[in-house]
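Student: First, the structure itself, so that you have it in front of you.
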Amino acid sequence: MNDDQLLRYSRHILLPQIGIEGQDSIVSSRVLVVGAGGLGSPAAMYLAAAGVGTLVLADGDTVDLTNLQRQILHSQESIGQPKVASGRDALARLNSGIRVIPVAHRLEGAELESEVAAADLVLDCSDNFATRHAINRACALYRKPLVSGAAVRFDGQVSVFDLRRAESPCYHCLFPEGEDVEEVRCAVMGVFAPLTGIVGAMQAAEALKLLAGCGETLTGRLLLLDALTMEWRTIRLGRDPGCPVCALR
């Protein structure tokens with residue numbers, strides 16, 4: 001790190017759990033953020049502010065007026081623009097010392113696998129099960145830590161799936177693909193604006209701890225928030241020995 005970076009990130013460096021080595025790991029890292037909406041906005045902003053060297057921001061949508069109630073990465077002037085272009089510009093204003101790579105389409109197949117393979121870790125800030133399961137399969141294939149978040153109505157959840165740890169489940173262990181799971185979306189059910197900020201910021205916190213190698217992450221735990229009563233619950237997660245995604249990896 002140069003002198004400007006040492007000054008900029010000094011409040012991290014002062015933390016003995018992070019220090020210069022941890023901050024240097026953050027600055028040298030590459031993180032894939034899938035989704036530049038309600039969760040991806042605060043997550044990407046905190047990762048950029050904290051100095052993550054390369055952020056790959058993937059989203060195929062454009063900014064709509066209905067997004068602005070919660071997607072703080074975008075502004076009224078961004079309406080009609082690809083979310084990743086709006087996000088790239090906002091993150092550049094926040095920290096010109098990082099690199100933001102916009103991917104203005106849905107990552108799928110070999111391209112998704114390639115981006116996951118190149119990343120140090122992945123944040124799933126998407127809003128549908130098909131994408132979440134595709135990301136999980138790619139992360140399991142390359143043994144990349146996955147920080148997963150969800151928020152709808154007043155309900156939020158966040159967890160970490162890190163198959164580098166033998167006891168860690170994967171996303172499929174928790175929500176098996178193909179089961180009759182209700183797909184609940186903000187466009188239909190609504191979402192409390194600050195909830196996405198809380199969950200997205202927690203995803204960034206888990207990601208930074210993983211990059212810096214400090215603290216204890218949410219691996220093996222699912223953290224649930226009811227923002228209407230502001231009550232938190234933690235559920236312990238076990239690995240499914242018969243999981244078709246992670247059992248043999």
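In the structure tokens, each chain is lettered A, B, ... as it comes, each chain's residues begin at 1, and ligands are numbered from 1 in order of appearance.
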Considering only C-alpha atoms, tabulate each residue of region 22-87 of chain A that lies at most 8 Å from region 204-210 of chain A along with its nearest interatomic pair and the corresponding distance in Å to one decimal; arrange the rows by chain and ascending residue number and present them as CSV.
Tutor:
residue,atom,partner,partner_atom,distance
A:Ile26,CA,A:Leu208,CA,7.0
A:Pro42,CA,A:Ala204,CA,7.9
A:Ala43,CA,A:Ala204,CA,4.9
A:Ala44,CA,A:Ala204,CA,7.4
A:Tyr46,CA,A:Ala204,CA,6.3
A:Leu47,CA,A:Ala204,CA,6.1
Student: Skipping near chain neighbours, those fewer than 2 positions away, what residues fall within 8 Å of region 77-92 of chain A using only C-alpha atoms, listed as a list in words?
Tutor: Ala36, Gly37, Ser41, Ala44, Met45, Ala48, Leu57, Ala58, Asp59, Gly60, Asp61, Thr62, Val63, Asp64, Leu65, Leu73, His74, Ser75, Leu94, Asn95, Ser96, Gly97, Ile98, Val100, Ile101, Pro102, Val103 and Ala104 of chain A
Student: With a cut-off of 12 Å, could you pull out the residues of region 70-147 of chain A touching region 153-158 of chain A and give me the nearest pair of atoms for each, distance in Å to one decimal, using only C-alpha atoms, ordered by chain and ascending number, as JSON lines?
Tutor:
{"residue": "A:Leu123", "atom": "CA", "partner": "A:Val158", "partner_atom": "CA", "distance": 10.6}
{"residue": "A:Asp124", "atom": "CA", "partner": "A:Val158", "partner_atom": "CA", "distance": 10.0}
{"residue": "A:Cys125", "atom": "CA", "partner": "A:Val158", "partner_atom": "CA", "distance": 10.2}
{"residue": "A:Leu146", "atom": "CA", "partner": "A:Val158", "partner_atom": "CA", "distance": 10.6}
{"residue": "A:Val147", "atom": "CA", "partner": "A:Val158", "partner_atom": "CA", "distance": 7.4}
Student: Store the residues picked out above, limited to N, CA, C and O atoms, as a compact mmCIF listing (two decimals), in the first residue's frame.
Tutor:
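This went into again.txt:
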# COMPACT_ATOMS: atom_id res chain seq x y z
N LEU A 123 -20.33 -12.54 -3.39
CA LEU A 123 -21.52 -12.09 -2.67
C LEU A 123 -22.74 -12.34 -3.55
O LEU A 123 -22.81 -11.83 -4.68
N ASP A 124 -23.68 -13.12 -3.03
CA ASP A 124 -24.93 -13.34 -3.74
C ASP A 124 -25.94 -12.31 -3.24
O ASP A 124 -26.48 -12.42 -2.15
N CYS A 125 -26.15 -11.30 -4.07
CA CYS A 125 -27.12 -10.24 -3.78
C CYS A 125 -28.26 -10.29 -4.80
O CYS A 125 -28.88 -9.27 -5.12
N LEU A 146 -18.89 -18.11 -0.17
CA LEU A 146 -20.09 -17.45 -0.67
C LEU A 146 -20.81 -16.77 0.48
O LEU A 146 -21.14 -17.42 1.48
N VAL A 147 -21.03 -15.47 0.35
CA VAL A 147 -21.79 -14.71 1.35
C VAL A 147 -23.17 -14.44 0.75
O VAL A 147 -23.31 -13.73 -0.24
Student: With only C-alpha atoms as the counted atoms, please give the residues lying no more than 8 Å from Arg233 (chain A), apart from itself and same-chain residues fewer than 5 positions off, as a PDB file with C-alpha atoms, in the first residue's frame.
Tutor:
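Here's the written file part_30.pdb:
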ATOM      1  CA  LEU A 223     -28.928 -15.190  10.889  1.00  0.00           C
ATOM      2  CA  LEU A 224     -32.567 -14.099  10.620  1.00  0.00           C
ATOM      3  CA  LEU A 225     -33.942 -10.607  11.222  1.00  0.00           C
TER       4      LEU A 225
END
Student: Any idea what the distance is between CA of Ala193 (chain A) and CA of Arg132 (chain A)?
Tutor: 21.8 Å
Student: Any idea what the distance is between CA of Gly38 (chain A) and CA of Val160 (chain A)?
Tutor: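 Between CA of Gly38 (chain A) and CA of Val160 (chain A) the gap is 18.6 Å.
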Student: So that I can see what lies close to Phe192 (chain A), please list as an MDAnalysis selection string the residues with an atom at most 12 Å from it, counting only C-alpha atoms and leaving out residues fewer than 5 positions away in the same chain.
Tutor: chainID A and resid 38 69:71 151:156 186:187 197:199 226:228
Student: Can I get the selection written as a short mmCIF file (atom, residue, chain, number, x, y, z; two decimals), in the first residue's frame, with all heavy atoms?
Tutor:
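Generated output (again-v3.cif):
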data_model
loop_
_atom_site.label_atom_id
_atom_site.label_comp_id
_atom_site.auth_asym_id
_atom_site.auth_seq_id
_atom_site.Cartn_x
_atom_site.Cartn_y
_atom_site.Cartn_z
N GLY A 38 -30.98 -3.82 -4.14
CA GLY A 38 -31.13 -3.45 -2.74
C GLY A 38 -30.01 -3.95 -1.86
O GLY A 38 -29.53 -3.22 -0.98
N GLN A 69 -36.20 3.72 -3.85
CA GLN A 69 -36.63 3.69 -2.45
C GLN A 69 -35.61 2.98 -1.57
O GLN A 69 -35.52 3.23 -0.37
CB GLN A 69 -38.01 3.03 -2.38
CG GLN A 69 -38.46 2.56 -1.00
CD GLN A 69 -38.43 1.04 -0.91
OE1 GLN A 69 -37.85 0.35 -1.75
NE2 GLN A 69 -39.08 0.52 0.12
N ARG A 70 -34.78 2.10 -2.16
CA ARG A 70 -33.88 1.30 -1.34
C ARG A 70 -32.51 1.06 -1.98
O ARG A 70 -31.56 0.71 -1.28
CB ARG A 70 -34.52 -0.07 -1.03
CG ARG A 70 -34.69 -0.93 -2.28
CD ARG A 70 -35.73 -2.03 -2.12
NE ARG A 70 -35.91 -2.76 -3.38
CZ ARG A 70 -36.63 -2.33 -4.40
NH1 ARG A 70 -37.23 -1.14 -4.34
NH2 ARG A 70 -36.76 -3.06 -5.49
N GLN A 71 -32.39 1.19 -3.29
CA GLN A 71 -31.14 0.85 -3.98
C GLN A 71 -30.24 2.09 -4.03
O GLN A 71 -30.18 2.82 -5.01
CB GLN A 71 -31.45 0.29 -5.38
CG GLN A 71 -32.27 -0.98 -5.30
CD GLN A 71 -32.55 -1.63 -6.63
OE1 GLN A 71 -31.90 -1.34 -7.64
NE2 GLN A 71 -33.52 -2.53 -6.67
N ALA A 151 -33.66 -10.35 1.41
CA ALA A 151 -34.50 -9.40 2.13
C ALA A 151 -35.80 -9.21 1.37
O ALA A 151 -35.78 -8.90 0.17
CB ALA A 151 -33.78 -8.06 2.31
N VAL A 152 -36.92 -9.39 2.05
CA VAL A 152 -38.22 -9.13 1.46
C VAL A 152 -39.19 -8.80 2.59
O VAL A 152 -39.05 -9.32 3.71
CB VAL A 152 -38.71 -10.34 0.64
CG1 VAL A 152 -39.04 -11.53 1.52
CG2 VAL A 152 -39.90 -9.97 -0.25
N ARG A 153 -40.14 -7.93 2.29
CA ARG A 153 -41.06 -7.43 3.32
C ARG A 153 -40.26 -6.86 4.50
O ARG A 153 -39.49 -5.94 4.32
CB ARG A 153 -42.04 -8.54 3.74
CG ARG A 153 -43.00 -8.93 2.61
CD ARG A 153 -43.93 -10.04 2.97
NE ARG A 153 -43.25 -11.31 3.23
CZ ARG A 153 -43.74 -12.51 2.90
NH1 ARG A 153 -44.92 -12.60 2.32
NH2 ARG A 153 -43.08 -13.59 3.17
N PHE A 154 -40.41 -7.45 5.70
CA PHE A 154 -39.62 -7.02 6.86
C PHE A 154 -38.64 -8.11 7.30
O PHE A 154 -38.09 -8.04 8.39
CB PHE A 154 -40.54 -6.66 8.03
CG PHE A 154 -41.32 -5.39 7.82
CD1 PHE A 154 -42.58 -5.42 7.25
CD2 PHE A 154 -40.81 -4.15 8.20
CE1 PHE A 154 -43.31 -4.26 7.05
CE2 PHE A 154 -41.53 -2.99 8.01
CZ PHE A 154 -42.79 -3.04 7.43
N ASP A 155 -38.44 -9.12 6.46
CA ASP A 155 -37.65 -10.30 6.83
C ASP A 155 -36.32 -10.33 6.08
O ASP A 155 -36.28 -10.25 4.85
CB ASP A 155 -38.43 -11.58 6.53
CG ASP A 155 -39.76 -11.63 7.26
OD1 ASP A 155 -39.76 -11.29 8.47
OD2 ASP A 155 -40.78 -11.98 6.64
N GLY A 156 -35.24 -10.48 6.83
CA GLY A 156 -33.91 -10.56 6.23
C GLY A 156 -33.16 -11.77 6.72
O GLY A 156 -33.44 -12.30 7.80
N CYS A 186 -39.66 -8.68 -4.17
CA CYS A 186 -40.00 -7.34 -3.70
C CYS A 186 -41.07 -6.69 -4.58
O CYS A 186 -41.91 -5.94 -4.09
CB CYS A 186 -38.76 -6.46 -3.69
SG CYS A 186 -37.44 -7.04 -2.61
N ALA A 187 -41.03 -6.97 -5.89
CA ALA A 187 -41.96 -6.32 -6.82
C ALA A 187 -43.41 -6.68 -6.51
O ALA A 187 -44.32 -5.93 -6.83
CB ALA A 187 -41.62 -6.72 -8.25
N GLY A 197 -30.44 -2.36 3.45
CA GLY A 197 -29.19 -1.77 3.90
C GLY A 197 -28.55 -2.57 5.02
O GLY A 197 -27.34 -2.78 5.06
N ILE A 198 -29.38 -3.04 5.96
CA ILE A 198 -28.87 -3.83 7.08
C ILE A 198 -28.25 -5.13 6.58
O ILE A 198 -27.12 -5.48 6.93
CB ILE A 198 -30.00 -4.12 8.09
CG1 ILE A 198 -30.50 -2.81 8.74
CG2 ILE A 198 -29.53 -5.09 9.17
CD1 ILE A 198 -31.78 -2.98 9.53
N VAL A 199 -28.99 -5.85 5.75
CA VAL A 199 -28.51 -7.15 5.26
C VAL A 199 -27.30 -6.98 4.35
O VAL A 199 -26.31 -7.71 4.46
CB VAL A 199 -29.65 -7.91 4.55
CG1 VAL A 199 -29.11 -9.20 3.92
CG2 VAL A 199 -30.78 -8.23 5.52
N ASP A 226 -36.19 -10.06 11.92
CA ASP A 226 -37.54 -9.54 11.75
C ASP A 226 -37.45 -8.05 12.05
O ASP A 226 -37.38 -7.64 13.21
CB ASP A 226 -38.51 -10.22 12.72
CG ASP A 226 -39.93 -9.69 12.61
OD1 ASP A 226 -40.14 -8.64 11.94
OD2 ASP A 226 -40.84 -10.30 13.20
N ALA A 227 -37.40 -7.23 11.00
CA ALA A 227 -37.19 -5.79 11.19
C ALA A 227 -38.42 -5.10 11.74
O ALA A 227 -38.33 -3.97 12.21
CB ALA A 227 -36.78 -5.15 9.86
N LEU A 228 -39.57 -5.76 11.70
CA LEU A 228 -40.78 -5.14 12.24
C LEU A 228 -40.73 -5.11 13.76
O LEU A 228 -41.21 -4.16 14.39
CB LEU A 228 -42.01 -5.92 11.76
CG LEU A 228 -43.35 -5.19 11.80
CD1 LEU A 228 -43.32 -3.88 11.00
CD2 LEU A 228 -44.46 -6.09 11.25
#
Student: Quick one: residues within 10 Å of Arg165 (chain A), only C-alpha atoms counted, chain neighbours fewer than 3 positions away excluded, as a ChimeraX atom specification?
Tutor: /A:143,145,161-162,168-169,219-220
Student: Fewer than 5 positions away in the same chain doesn't count, so skip those; otherwise give me all residues within 9 Å of Ala138 (chain A), counting only C-alpha atoms, as a ChimeraX atom specification.
Tutor: /A:109,112-114,116-117,133,143-144
Student: Could you list, as a list in words, every residue within 10 Å of Met1 (chain A), counting only C-alpha atoms and ignoring same-chain residues fewer than 2 positions away?
Tutor: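 These residues fall inside the cut-off: Asp3, Asp4, Gln5, Leu6, Leu7, Tyr9, Ile20, Gln23, Asp24, Val27 and Ser28 of chain A.
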Student: Could you tell me which of A:Cys139, A:Met202, A:Leu211, A:Ile72 comes closest to Gly22 (chain A) if we count only C-alpha atoms?
Tutor: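 Of all the options, A:Leu211 lies closest to Gly22 (chain A).
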Student: Rounded to one decimal in Å, what is the spacing between CA of Leu15 (chain A) and CA of Arg221 (chain A)?
Tutor: 25.2 Å
